[in-house]
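Asker: File work33.txt below, compact mmCIF, C-alpha atoms and all ligand atoms:
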```txt
# COMPACT_ATOMS: atom_id res chain seq x y z
CA MET A 193 -47.99 -14.19 11.34
CA ARG A 194 -44.58 -15.02 12.84
CA ARG A 195 -43.23 -15.81 9.42
CA ARG A 196 -44.35 -12.48 8.03
CA ALA A 197 -42.62 -10.70 10.91
CA LEU A 198 -39.42 -12.65 10.21
CA VAL A 199 -39.49 -11.73 6.51
CA LEU A 200 -40.06 -8.10 7.44
CA VAL A 201 -37.06 -8.09 9.78
CA LEU A 202 -34.86 -9.71 7.11
CA VAL A 203 -35.90 -7.25 4.42
CA ALA A 204 -35.39 -4.29 6.76
CA GLY A 205 -31.93 -5.64 7.69
CA ALA A 206 -30.92 -6.07 4.05
CA ALA A 207 -32.20 -2.58 3.20
CA LEU A 208 -30.23 -1.06 6.08
CA ALA A 209 -27.07 -2.84 4.98
CA LEU A 210 -27.46 -1.52 1.43
CA VAL A 211 -28.23 1.99 2.62
CA ALA A 212 -25.09 1.94 4.75
CA VAL A 213 -22.97 0.97 1.77
CA ALA A 214 -24.62 3.56 -0.45
CA TYR A 215 -24.26 6.28 2.18
CA ALA A 216 -20.61 5.53 2.75
CA GLY A 217 -20.04 6.08 -0.96
CA ASN A 218 -16.85 4.15 -1.30
CA GLY A 219 -16.25 3.49 2.35
CA GLY A 220 -13.63 0.86 1.71
CA PHE A 221 -16.18 -1.41 0.07
CA ALA A 222 -14.73 -1.02 -3.42
CA PRO A 223 -11.23 -0.04 -4.57
CA VAL A 224 -10.46 3.69 -4.69
CA SER A 225 -11.10 5.22 -8.09
CA PRO A 226 -8.02 4.97 -10.30
CA LYS A 227 -6.03 8.09 -11.28
CA SER A 228 -3.32 6.45 -13.38
CA PRO A 229 -3.29 3.91 -16.25
CA PRO A 230 -1.98 0.84 -14.37
CA ALA A 231 -4.50 1.43 -11.59
CA SER A 232 -7.39 1.76 -14.03
CA ARG A 233 -6.38 -1.49 -15.76
CA ILE A 234 -6.29 -3.25 -12.41
CA ASN A 235 -9.67 -1.70 -11.68
CA ASP A 236 -11.09 -3.00 -15.00
CA THR A 237 -10.00 -6.50 -14.02
CA TYR A 238 -11.58 -6.07 -10.60
CA LYS A 239 -14.84 -4.97 -12.20
CA LEU A 240 -14.97 -7.90 -14.61
CA ILE A 241 -14.34 -10.42 -11.84
CA ALA A 242 -16.80 -8.68 -9.50
CA LEU A 243 -19.44 -8.71 -12.23
CA LEU A 244 -19.00 -12.41 -13.08
CA THR A 245 -18.86 -13.55 -9.47
CA GLY A 246 -21.83 -11.29 -8.71
CA ILE A 247 -23.89 -12.95 -11.44
CA ILE A 248 -22.84 -16.40 -10.21
CA LEU A 249 -23.80 -15.47 -6.66
CA VAL A 250 -27.27 -14.31 -7.71
CA VAL A 251 -27.91 -17.31 -10.00
CA VAL A 252 -26.69 -19.94 -7.54
CA GLU A 253 -28.27 -18.45 -4.44
CA GLY A 254 -31.45 -17.65 -6.39
CA ALA A 255 -31.74 -21.28 -7.54
CA LEU A 256 -30.99 -22.50 -4.03
CA ILE A 257 -33.67 -20.36 -2.42
CA THR A 258 -36.20 -21.16 -5.16
CA PHE A 259 -35.67 -24.88 -4.73
CA VAL A 260 -35.78 -24.69 -0.95
CA VAL A 261 -39.14 -22.96 -1.14
CA LYS A 262 -40.58 -24.86 -4.09
CA TYR A 263 -39.62 -28.35 -2.98
CA ARG A 264 -40.15 -27.92 0.75
CA ARG A 265 -41.61 -30.86 2.63
CA ARG A 266 -45.14 -29.48 3.11
CA ASP A 267 -47.21 -32.29 4.66
CA ARG A 268 -45.30 -35.20 3.18
CA PRO A 269 -44.03 -37.60 5.83
CA ARG A 270 -40.48 -37.02 7.03
CA THR A 271 -39.35 -40.44 5.79
CA ALA A 272 -40.73 -40.07 2.21
CA GLU A 273 -38.00 -40.63 -0.43
CA GLY A 274 -37.63 -38.10 -3.22
CA PRO A 275 -37.53 -39.23 -6.89
CA GLN A 276 -34.18 -40.87 -7.80
CA ILE A 277 -32.83 -39.03 -10.84
CA HIS A 278 -29.88 -40.38 -12.78
CA GLY A 279 -28.01 -38.70 -15.65
CA ALA A 280 -28.84 -35.38 -17.22
CA THR A 281 -26.12 -35.23 -19.85
CA ARG A 282 -26.95 -31.82 -21.25
CA LEU A 283 -27.10 -30.21 -17.82
CA GLU A 284 -23.87 -31.86 -16.71
CA MET A 285 -22.06 -30.72 -19.88
CA LEU A 286 -23.36 -27.24 -19.28
CA TRP A 287 -22.18 -26.91 -15.71
CA THR A 288 -18.78 -28.29 -16.63
CA ALA A 289 -18.23 -26.17 -19.72
CA LEU A 290 -19.58 -22.90 -18.38
CA PRO A 291 -17.14 -22.48 -15.47
CA VAL A 292 -14.26 -23.43 -17.79
CA LEU A 293 -15.35 -20.74 -20.24
CA ILE A 294 -15.76 -18.14 -17.51
CA LEU A 295 -12.32 -18.87 -16.06
CA ALA A 296 -10.76 -18.85 -19.52
CA GLY A 297 -12.41 -15.49 -20.17
CA ILE A 298 -10.93 -14.05 -16.97
CA VAL A 299 -7.46 -15.40 -17.82
CA VAL A 300 -7.57 -13.93 -21.33
CA PHE A 301 -8.72 -10.57 -19.99
CA VAL A 302 -5.96 -10.47 -17.36
CA PHE A 303 -3.26 -11.36 -19.89
CA TYR A 304 -4.64 -8.70 -22.19
CA LYS A 305 -4.39 -6.06 -19.43
CA LEU A 306 -1.08 -7.21 -17.92
CA PRO A 307 1.41 -5.55 -20.31
CA GLY A 308 -0.23 -2.17 -19.70
CA ILE A 309 0.15 -2.70 -15.96
CA ARG A 310 3.74 -3.94 -15.95
CA ASN A 311 5.53 -2.35 -18.87
CA VAL A 312 6.67 1.21 -18.40
CA PRO A 313 5.76 3.29 -21.48
CA ALA A 314 8.75 4.65 -23.39
CA ALA A 315 7.37 8.23 -23.13
CA LYS A 316 9.63 9.31 -25.99
CA ALA A 317 8.00 12.72 -26.39
CA GLU A 318 9.03 13.67 -22.85
CA GLY A 319 12.53 12.23 -23.21
CA GLY A 320 11.71 9.00 -21.39
CA PRO A 321 10.07 8.35 -18.04
CA LEU A 322 11.07 10.20 -14.89
CA VAL A 323 12.99 7.58 -12.91
CA VAL A 324 12.67 7.72 -9.13
CA ARG A 325 14.25 5.43 -6.61
CA VAL A 326 12.15 4.35 -3.63
CA ASP A 327 13.93 2.96 -0.58
CA ALA A 328 11.74 1.29 2.01
CA HIS A 329 13.13 1.53 5.54
CA GLN A 330 11.86 0.61 8.96
CA PHE A 331 9.74 2.78 9.12
CA TYR A 332 9.67 5.38 6.38
CA TRP A 333 9.95 5.88 2.63
CA GLN A 334 12.86 7.59 1.01
CA PHE A 335 12.81 8.95 -2.54
CA THR A 336 15.81 9.76 -4.69
CA TYR A 337 15.29 11.94 -7.76
CA PRO A 338 17.30 11.88 -11.00
CA ASN A 339 19.43 14.83 -9.84
CA GLY A 340 20.38 13.03 -6.61
CA ALA A 341 18.09 15.02 -4.30
CA THR A 342 16.22 13.00 -1.67
CA SER A 343 12.98 13.40 0.22
CA ILE A 344 11.30 11.46 3.00
CA ASN A 345 7.73 10.12 2.94
CA GLU A 346 6.67 12.55 0.22
CA LEU A 347 7.34 11.94 -3.46
CA HIS A 348 6.85 14.97 -5.69
CA VAL A 349 6.31 14.46 -9.40
CA PRO A 350 4.94 16.44 -12.32
CA ALA A 351 1.33 15.45 -13.11
CA HIS A 352 0.70 13.74 -16.47
CA ARG A 353 4.28 12.52 -16.60
CA VAL A 354 5.29 8.85 -16.84
CA VAL A 355 7.15 7.99 -13.62
CA ARG A 356 9.12 4.80 -13.29
CA VAL A 357 9.65 3.74 -9.67
CA ASN A 358 12.53 1.45 -8.79
CA ILE A 359 11.78 -0.15 -5.44
CA TYR A 360 14.50 -1.17 -2.95
CA SER A 361 14.49 -2.24 0.67
CA GLN A 362 17.27 -1.46 3.13
CA ASP A 363 16.14 -3.93 5.80
CA VAL A 364 13.08 -6.20 5.72
CA ASP A 365 10.19 -6.78 3.31
CA HIS A 366 7.92 -3.80 2.75
CA SER A 367 5.43 -3.13 0.01
CA TRP A 368 5.08 0.01 -2.09
CA TRP A 369 1.44 0.72 -2.80
CA ILE A 370 -0.32 3.91 -3.86
CA GLU A 371 -3.69 2.38 -4.58
CA ALA A 372 -5.00 5.11 -6.89
CA LEU A 373 -1.88 4.95 -9.06
CA HIS A 374 -0.68 1.36 -9.45
CA GLY A 375 -0.64 -2.13 -7.97
CA LYS A 376 1.21 -3.35 -4.92
CA PHE A 377 4.92 -4.11 -5.32
CA ASP A 378 7.10 -5.62 -2.65
CA ALA A 379 10.31 -3.96 -1.54
CA ILE A 380 12.61 -6.93 -1.03
CA PRO A 381 16.16 -6.67 0.37
CA GLY A 382 18.70 -7.58 -2.31
CA ARG A 383 16.27 -7.25 -5.17
CA VAL A 384 14.92 -4.41 -7.27
CA ASN A 385 11.27 -4.29 -8.26
CA HIS A 386 9.70 -1.65 -10.38
CA THR A 387 6.36 -0.21 -11.29
CA TRP A 388 5.14 2.98 -12.93
CA PHE A 389 2.36 5.52 -12.90
CA LYS A 390 1.19 8.64 -14.69
CA THR A 391 -1.28 10.72 -12.71
CA ASP A 392 -4.20 12.00 -14.75
CA ARG A 393 -4.46 15.16 -12.61
CA ALA A 394 -2.64 17.23 -10.03
CA GLY A 395 -3.23 16.19 -6.46
CA THR A 396 -2.02 14.18 -3.50
CA PHE A 397 -2.29 10.40 -3.55
CA VAL A 398 -1.84 8.55 -0.30
CA GLY A 399 -0.50 5.05 0.11
CA GLN A 400 0.42 2.72 2.91
CA CYS A 401 3.14 0.11 3.30
CA GLY A 402 1.38 -3.08 2.25
CA GLU A 403 3.55 -5.65 4.03
CA PHE A 404 3.77 -5.97 7.78
CA CYS A 405 7.33 -4.89 8.59
CA GLY A 406 7.52 -4.23 12.34
CA VAL A 407 6.27 -2.03 15.18
CA TYR A 408 5.66 1.13 13.13
CA HIS A 409 4.43 -0.55 9.96
CA GLU A 410 1.17 1.36 10.17
CA ALA A 411 3.05 4.66 10.24
CA MET A 412 4.64 3.98 6.85
CA VAL A 413 2.33 6.29 4.97
CA ALA A 414 3.59 7.61 1.65
CA ARG A 415 2.29 10.62 -0.28
CA VAL A 416 2.69 11.19 -3.97
CA VAL A 417 2.22 14.89 -4.70
CA ALA A 418 1.64 15.68 -8.37
CA GLY A 419 1.81 19.28 -9.51
CA THR A 420 3.04 21.41 -12.40
CA PRO A 421 6.59 20.92 -13.69
CA ALA A 422 7.51 24.24 -12.07
CA GLN A 423 6.18 23.07 -8.69
CA TYR A 424 8.17 19.88 -9.07
CA GLU A 425 11.39 21.80 -9.80
CA ALA A 426 10.72 24.12 -6.87
CA TYR A 427 10.27 21.16 -4.55
CA LEU A 428 13.53 19.60 -5.73
CA ALA A 429 15.31 22.86 -5.04
CA SER A 430 13.72 23.07 -1.57
CA VAL A 431 14.94 19.64 -0.45
CA ARG A 432 18.42 20.61 -1.59
CA ASN A 433 18.33 22.91 1.42
CA PRO A 434 19.90 20.90 4.29
CA GLN A 435 17.52 22.46 6.83
CA VAL A 436 14.46 21.23 4.95
CA LEU A 437 15.99 17.80 4.41
CA GLY A 438 17.20 17.57 8.00
CA ALA A 439 13.73 18.42 9.30
CA GLN A 440 12.17 15.79 7.03
CA GLU A 441 14.65 13.20 8.23
CA TRP A 442 14.15 13.98 11.91
CA ARG A 443 10.33 14.05 11.67
CA GLY A 444 9.97 11.12 9.32
CA THR A 445 12.39 8.80 11.09
CA CYS A 446 13.86 9.65 14.52
CA ALA A 447 10.82 11.48 15.90
CA GLN A 448 8.66 8.42 15.37
CA CYS A 449 10.47 6.61 18.18
CA HIS A 450 12.22 9.36 20.13
CA GLY A 451 9.48 12.01 20.01
CA PHE A 452 9.59 15.37 18.22
CA THR A 453 11.85 16.88 20.87
CA GLY A 454 13.85 13.70 21.43
CA ALA A 455 12.31 13.29 24.88
CA GLY A 456 11.64 9.61 24.32
CA GLY A 457 8.81 7.27 23.40
CA TYR A 458 9.37 3.82 21.98
CA GLY A 459 13.07 4.74 21.99
CA PRO A 460 14.88 6.38 24.94
CA ASN A 461 15.23 10.09 25.68
CA ILE A 462 18.22 11.16 23.61
CA GLN A 463 18.11 14.94 24.09
CA ALA A 464 21.48 14.96 25.84
CA ASN A 465 22.92 11.86 24.25
CA ALA A 466 26.50 12.49 23.20
CA THR A 467 26.20 10.22 20.16
CA LEU A 468 23.96 12.84 18.58
CA VAL A 469 26.83 15.27 18.24
CA SER A 470 29.51 12.77 17.31
CA PRO A 471 29.29 12.44 13.52
CA GLU A 472 31.15 9.12 13.43
CA GLY A 473 29.21 7.66 16.35
CA LEU A 474 25.90 8.77 14.85
CA ARG A 475 26.72 7.30 11.45
CA ARG A 476 27.75 4.00 13.00
CA LEU A 477 24.48 3.88 14.97
CA LEU A 478 22.32 4.78 11.96
CA MET A 479 24.07 2.33 9.62
CA ASN A 480 23.96 -0.63 12.00
CA GLY A 481 21.02 -0.08 14.35
CA GLN A 482 21.34 -1.02 17.99
CA ASN A 483 19.83 -3.27 20.62
CA GLN A 484 21.92 -2.82 23.77
CA LEU A 485 20.33 -0.54 26.30
CA ALA A 486 19.03 -2.58 29.24
CA PRO A 487 16.43 -3.35 30.39
CA THR A 488 14.56 -2.70 27.16
CA SER A 489 13.85 -5.24 24.51
CA SER A 490 13.17 -2.50 21.98
CA TYR A 491 15.42 -2.28 19.00
CA MET A 492 16.59 0.60 16.85
CA PRO A 493 16.68 -0.39 13.16
CA PRO A 494 19.53 0.75 10.91
CA VAL A 495 17.47 3.76 9.86
CA GLY A 496 20.26 5.49 7.91
CA ARG A 497 21.43 2.54 5.85
CA GLY A 498 22.22 3.67 2.33
CA TRP A 499 22.26 7.38 3.19
CA ASN A 500 24.72 9.67 1.42
CA ASN A 501 26.92 12.32 3.04
CA ALA A 502 24.47 15.12 2.35
CA GLN A 503 21.73 13.24 4.18
CA PHE A 504 23.89 12.60 7.25
CA ALA A 505 25.14 16.18 7.25
CA ALA A 506 21.60 17.56 7.02
CA LEU A 507 20.46 15.45 9.97
CA GLU A 508 23.51 16.38 12.06
CA ALA A 509 22.90 20.08 11.44
CA TYR A 510 19.21 19.80 12.31
CA ILE A 511 19.90 17.87 15.50
CA LYS A 512 22.51 20.39 16.64
CA ALA A 513 20.19 23.29 15.97
CA ARG A 514 16.90 21.87 17.20
CA VAL A 515 17.21 18.73 19.28
CA TYR A 516 20.43 18.37 21.18
CA LYS A 517 20.31 19.79 24.72
CA GLY A 518 23.58 18.46 26.15
CA SER A 519 26.89 20.26 26.46
CA PRO A 520 27.81 21.95 23.16
CA SER A 521 31.14 20.14 22.83
CA GLY A 522 29.47 16.77 22.91
CA GLY A 523 31.01 13.82 24.66
C1 LIG B 601 11.99 2.40 15.17
C2 LIG B 601 12.34 3.20 16.28
C3 LIG B 601 13.54 4.11 16.21
C4 LIG B 601 13.88 5.02 15.24
C5 LIG B 601 13.14 5.28 13.95
C6 LIG B 601 15.07 5.66 15.69
N1 LIG B 601 15.45 5.15 16.89
FE1 LIG B 601 17.07 5.71 17.93
N2 LIG B 601 16.67 4.27 19.28
C7 LIG B 601 15.60 3.44 19.28
C8 LIG B 601 15.73 2.49 20.36
C9 LIG B 601 14.72 1.40 20.68
C10 LIG B 601 16.93 2.77 21.00
C11 LIG B 601 17.57 1.99 22.15
C12 LIG B 601 18.43 0.94 21.47
C13 LIG B 601 19.11 -0.03 22.41
O1 LIG B 601 18.38 -0.66 23.19
O2 LIG B 601 20.30 -0.17 22.30
C14 LIG B 601 17.50 3.91 20.33
C15 LIG B 601 18.68 4.53 20.70
C16 LIG B 601 19.15 5.69 20.14
C17 LIG B 601 20.27 6.45 20.64
C18 LIG B 601 21.04 6.15 21.90
C19 LIG B 601 22.16 5.20 21.63
C20 LIG B 601 22.94 4.93 22.89
O3 LIG B 601 23.63 3.93 22.91
O4 LIG B 601 22.84 5.69 23.84
C21 LIG B 601 20.44 7.52 19.82
C22 LIG B 601 21.50 8.61 19.92
C23 LIG B 601 19.44 7.41 18.79
N3 LIG B 601 18.67 6.31 19.03
C24 LIG B 601 19.29 8.31 17.75
C25 LIG B 601 18.37 8.16 16.72
C26 LIG B 601 18.31 9.02 15.58
C27 LIG B 601 19.18 10.24 15.34
C28 LIG B 601 17.32 8.56 14.80
C29 LIG B 601 16.85 9.08 13.46
C30 LIG B 601 17.79 9.14 12.40
C31 LIG B 601 16.75 7.40 15.46
N4 LIG B 601 17.42 7.19 16.62
C32 LIG B 601 15.70 6.66 14.98
C33 LIG B 601 14.56 3.46 18.39
C34 LIG B 601 14.53 4.21 17.24
CU CU B 602 6.94 -1.31 5.80
```
For this file, produce the structure as structure tokens.

Answerer:
Amino acid sequence: MRRRALVLVLVAGAALALVAVAYAGNGGFAPVSPKSPPASRINDTYKLIALLTGIILVVVEGALITFVVKYRRRDRPRTAEGPQIHGATRLEMLWTALPVLILAGIVVFVFYKLPGIRNVPAAKAEGGPLVVRVDAHQFYWQFTYPNGATSINELHVPAHRVVRVNIYSQDVDHSWWIEALHGKFDAIPGRVNHTWFKTDRAGTFVGQCGEFCGVYHEAMVARVVAGTPAQYEAYLASVRNPQVLGAQEWRGTCAQCHGFTGAGGYGPNIQANATLVSPEGLRRLLMNGQNQLAPTSSYMPPVGRGWNNAQFAALEAYIKARVYKGSPSGG
């Protein structure tokens, strides 16, 4: 009677667990569905390994449970010895060879898929891939397009176009990862990594910095927005506008620590800080970072390292127009 109740509870528990997974759809249980060739090749590899390990799990656990039930003690005395079996050559060969074959199969499959994940297609028909530079910063993503325009946290591309991403870091290790589009690639200071993608549809694909990089690591969310070629061109033209760029810079970087109005947060209140309206002082601060103001142990990273003049100018103009509340002449 008690045993039957126990079995019932276990079965109900297992059923609930499965229902939860099914209901959640893909609630983080499996990888997101791929929308670009490298991601779908990675996904194929995941599926093969999941299938093989799934079969192994069922076979091994099934045998274990069967044997536990079948060869249970029953009413034999506790001290009774089981039969002493020695040597089962065929079985031993089998359980040695099979894992070797399975592992070899996985290795072959991975090496078969790898070139399609790593090598950027030549895309000759479109005049070569669209090459975009990604700079990882504490704590935002910066994108530089072939015409020199930049954007923050949002990368716009034409859908169905091969995009090569060159990945740089301006400070510490980060990791560039848009799960639906490609694998995870580290952004390492002093080194350039690259990956590629080609979205199979228009849409927005969200990614997250994949390497813990400091206090606002979790805020390093990147969006890849794929649209028509005309939408892409229009976006490039829009970020040429210093006001748009300045707003992106303020919101994507400074506001994170100083608040949207500059009233303070992790970083101090800077609304009336004279450095904001001193172009040289501001550049020095943004290129080098700072850790001086007592009694705080918080640190401002060199958020503007690698910026060009247009980027600094756009930020200065935005700050003057929208943030700075001190005396107009500055300090
Ligand atoms: C990761 C958090 C962070 C970000 C991002 C950040 N700051 Fe700071 N900021 C700080 C901290 C912390 C301090 C105080 C530094 C210290 O202790 O010296 C600071 C100080 C400052 C100061 C005061 C310097 C002084 O000596 O009075 C100014 C001005 C400033 N930040 C402007 C900016 C601007 C402009 C941006 C965006 C381009 C920005 N900060 C981005 C954290 C940040
Ligand atoms: Cu990061």

Asker: Return as an NGL selection string every polymer residue, whether protein, DNA or RNA, with at least one atom no more than 7 Å from an atom of ligand LIG 601 (chain B); count all atoms listed in the file.

Answerer: :A and (330-331 or 408 or 441-442 or 445-450 or 458-460 or 462 or 465 or 467-468 or 474 or 478 or 482-486 or 488-493 or 495-496)

Asker: Please produce a file of the residues just selected, as a PDB file, keeping the file's coordinate frame, where the atoms kept are C-alpha atoms.

Answerer:
```
ATOM      1  CA  GLN A 330      11.860   0.610   8.960  1.00  0.00           C
ATOM      2  CA  PHE A 331       9.740   2.780   9.120  1.00  0.00           C
ATOM      3  CA  TYR A 408       5.660   1.130  13.130  1.00  0.00           C
ATOM      4  CA  GLU A 441      14.650  13.200   8.230  1.00  0.00           C
ATOM      5  CA  TRP A 442      14.150  13.980  11.910  1.00  0.00           C
ATOM      6  CA  THR A 445      12.390   8.800  11.090  1.00  0.00           C
ATOM      7  CA  CYS A 446      13.860   9.650  14.520  1.00  0.00           C
ATOM      8  CA  ALA A 447      10.820  11.480  15.900  1.00  0.00           C
ATOM      9  CA  GLN A 448       8.660   8.420  15.370  1.00  0.00           C
ATOM     10  CA  CYS A 449      10.470   6.610  18.180  1.00  0.00           C
ATOM     11  CA  HIS A 450      12.220   9.360  20.130  1.00  0.00           C
ATOM     12  CA  TYR A 458       9.370   3.820  21.980  1.00  0.00           C
ATOM     13  CA  GLY A 459      13.070   4.740  21.990  1.00  0.00           C
ATOM     14  CA  PRO A 460      14.880   6.380  24.940  1.00  0.00           C
ATOM     15  CA  ILE A 462      18.220  11.160  23.610  1.00  0.00           C
ATOM     16  CA  ASN A 465      22.920  11.860  24.250  1.00  0.00           C
ATOM     17  CA  THR A 467      26.200  10.220  20.160  1.00  0.00           C
ATOM     18  CA  LEU A 468      23.960  12.840  18.580  1.00  0.00           C
ATOM     19  CA  LEU A 474      25.900   8.770  14.850  1.00  0.00           C
ATOM     20  CA  LEU A 478      22.320   4.780  11.960  1.00  0.00           C
ATOM     21  CA  GLN A 482      21.340  -1.020  17.990  1.00  0.00           C
ATOM     22  CA  ASN A 483      19.830  -3.270  20.620  1.00  0.00           C
ATOM     23  CA  GLN A 484      21.920  -2.820  23.770  1.00  0.00           C
ATOM     24  CA  LEU A 485      20.330  -0.540  26.300  1.00  0.00           C
ATOM     25  CA  ALA A 486      19.030  -2.580  29.240  1.00  0.00           C
ATOM     26  CA  THR A 488      14.560  -2.700  27.160  1.00  0.00           C
ATOM     27  CA  SER A 489      13.850  -5.240  24.510  1.00  0.00           C
ATOM     28  CA  SER A 490      13.170  -2.500  21.980  1.00  0.00           C
ATOM     29  CA  TYR A 491      15.420  -2.280  19.000  1.00  0.00           C
ATOM     30  CA  MET A 492      16.590   0.600  16.850  1.00  0.00           C
ATOM     31  CA  PRO A 493      16.680  -0.390  13.160  1.00  0.00           C
ATOM     32  CA  VAL A 495      17.470   3.760   9.860  1.00  0.00           C
ATOM     33  CA  GLY A 496      20.260   5.490   7.910  1.00  0.00           C
TER      34      GLY A 496
END
```

Asker: Measuring between only C-alpha atoms and all ligand atoms, which one of A:Asp236, A:Glu403, A:Glu371, A:Glu273 shows the shortest distance to ligand CU 602 (chain B)?

Answerer: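 Among A:Asp236, A:Glu403, A:Glu371, A:Glu273, it is A:Glu403 that comes nearest to ligand CU 602 (chain B).
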
Asker: Pick out the residues sitting within 12 Å of Ile241 of chain A, and hand them over as an mmCIF file with C-alpha atoms, in the frame of the given file; count all atoms listed in the file, and ignore anything fewer than 5 positions along from it in its own chain.

Answerer:
```cif
data_model
loop_
_atom_site.group_PDB
_atom_site.id
_atom_site.type_symbol
_atom_site.label_atom_id
_atom_site.label_comp_id
_atom_site.auth_asym_id
_atom_site.auth_seq_id
_atom_site.Cartn_x
_atom_site.Cartn_y
_atom_site.Cartn_z
ATOM 1 C CA ILE A 234 -6.290 -3.250 -12.410
ATOM 2 C CA ASN A 235 -9.670 -1.700 -11.680
ATOM 3 C CA ASP A 236 -11.090 -3.000 -15.000
ATOM 4 C CA GLY A 246 -21.830 -11.290 -8.710
ATOM 5 C CA ILE A 247 -23.890 -12.950 -11.440
ATOM 6 C CA ILE A 248 -22.840 -16.400 -10.210
ATOM 7 C CA LEU A 249 -23.800 -15.470 -6.660
ATOM 8 C CA ILE A 294 -15.760 -18.140 -17.510
ATOM 9 C CA LEU A 295 -12.320 -18.870 -16.060
ATOM 10 C CA ALA A 296 -10.760 -18.850 -19.520
ATOM 11 C CA GLY A 297 -12.410 -15.490 -20.170
ATOM 12 C CA ILE A 298 -10.930 -14.050 -16.970
ATOM 13 C CA VAL A 299 -7.460 -15.400 -17.820
ATOM 14 C CA PHE A 301 -8.720 -10.570 -19.990
ATOM 15 C CA VAL A 302 -5.960 -10.470 -17.360
#
```

Asker: So that I can see what lies close to segment 343-359 of chain A, please list as a PyMOL selection string the residues with an atom at most 8 Å from it, counting all atoms listed in the file and leaving out residues fewer than 4 positions away in the same chain.

Answerer: chain A and resi 312-313+315+318+320-328+332-336+368+377-379+384-394+412-421+423-424+427+431+437+440-441+444

Asker: Hey, which of A:Gly518, A:Gly402, A:Gly451, A:Gly498 ends up closest to ligand CU 602 (chain B)? Count all atoms listed in the file.

Answerer: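 Smallest separation from ligand CU 602 (chain B) among the options: A:Gly402.
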
Asker: Taking all atoms of segment 310-319 of chain A that appear in the file, build a box with edges along x, y and z, extend it by 8 Å on every side, and state its centre and edge lengths in Å to one decimal, as AutoDock Vina command-line options.

Answerer:
```
--center_x 8.1 --center_y 4.9 --center_z -21.2 --size_x 24.8 --size_y 33.6 --size_z 26.4
```

Asker: Measuring between all atoms listed in the file, which one of A:Leu200, A:Leu208, A:Ala426, A:Ala464 shows the shortest distance to Lys517 of chain A?

Answerer: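 The answer is A:Ala464, which sits nearest to Lys517 of chain A.
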
Asker: Hey, can you check how far atom CA of Asn461 of chain A sits from atom CA of Glu508 of chain A?

Answerer: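 Distance between the two atoms: 17.1 Å.
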
Asker: Under the rule that only C-alpha atoms are counted, which of A:Val436, A:Leu306, A:Leu373, A:Ala422 is the nearest residue to Ala509 of chain A?

Answerer: A:Val436

Asker: Suppose you want the space between atom CA of His374 of chain A and atom CA of Ala242 of chain A; what is it in Å?

Answerer: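 Distance between the two atoms: 19.0 Å.
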
Asker: In Å, with one decimal, what is the gap from atom CA of Ala439 of chain A to atom CA of Ala506 of chain A?

Answerer: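 Interatomic distance, atom CA of Ala439 of chain A to atom CA of Ala506 of chain A: 8.2 Å.
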
Asker: Nearest to ligand CU 602 (chain B) among A:Ala372, A:Val515, A:Ala212, A:Val364, with distances taken over all atoms listed in the file: which residue is it?

Answerer: A:Val364

Asker: For Ala231 of chain A, which of A:Leu283, A:Leu244, A:Ile277, A:Ile370 is the closest residue, counting only C-alpha atoms?

Answerer: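 Nearest candidate to Ala231 of chain A out of A:Leu283, A:Leu244, A:Ile277, A:Ile370: A:Ile370.
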
Asker: Quick one: residues within 7 Å of Ile309 of chain A, all atoms listed in the file counted, chain neighbours fewer than 2 positions away excluded, as a PDB file with C-alpha atoms, keeping the file's coordinate frame?

Answerer:
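Output saved as selection26.pdb:
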```pdb
ATOM      1  CA  PRO A 230      -1.980   0.840 -14.370  1.00  0.00           C
ATOM      2  CA  ARG A 233      -6.380  -1.490 -15.760  1.00  0.00           C
ATOM      3  CA  LYS A 305      -4.390  -6.060 -19.430  1.00  0.00           C
ATOM      4  CA  LEU A 306      -1.080  -7.210 -17.920  1.00  0.00           C
ATOM      5  CA  PRO A 307       1.410  -5.550 -20.310  1.00  0.00           C
ATOM      6  CA  ASN A 311       5.530  -2.350 -18.870  1.00  0.00           C
TER       7      ASN A 311
END
```
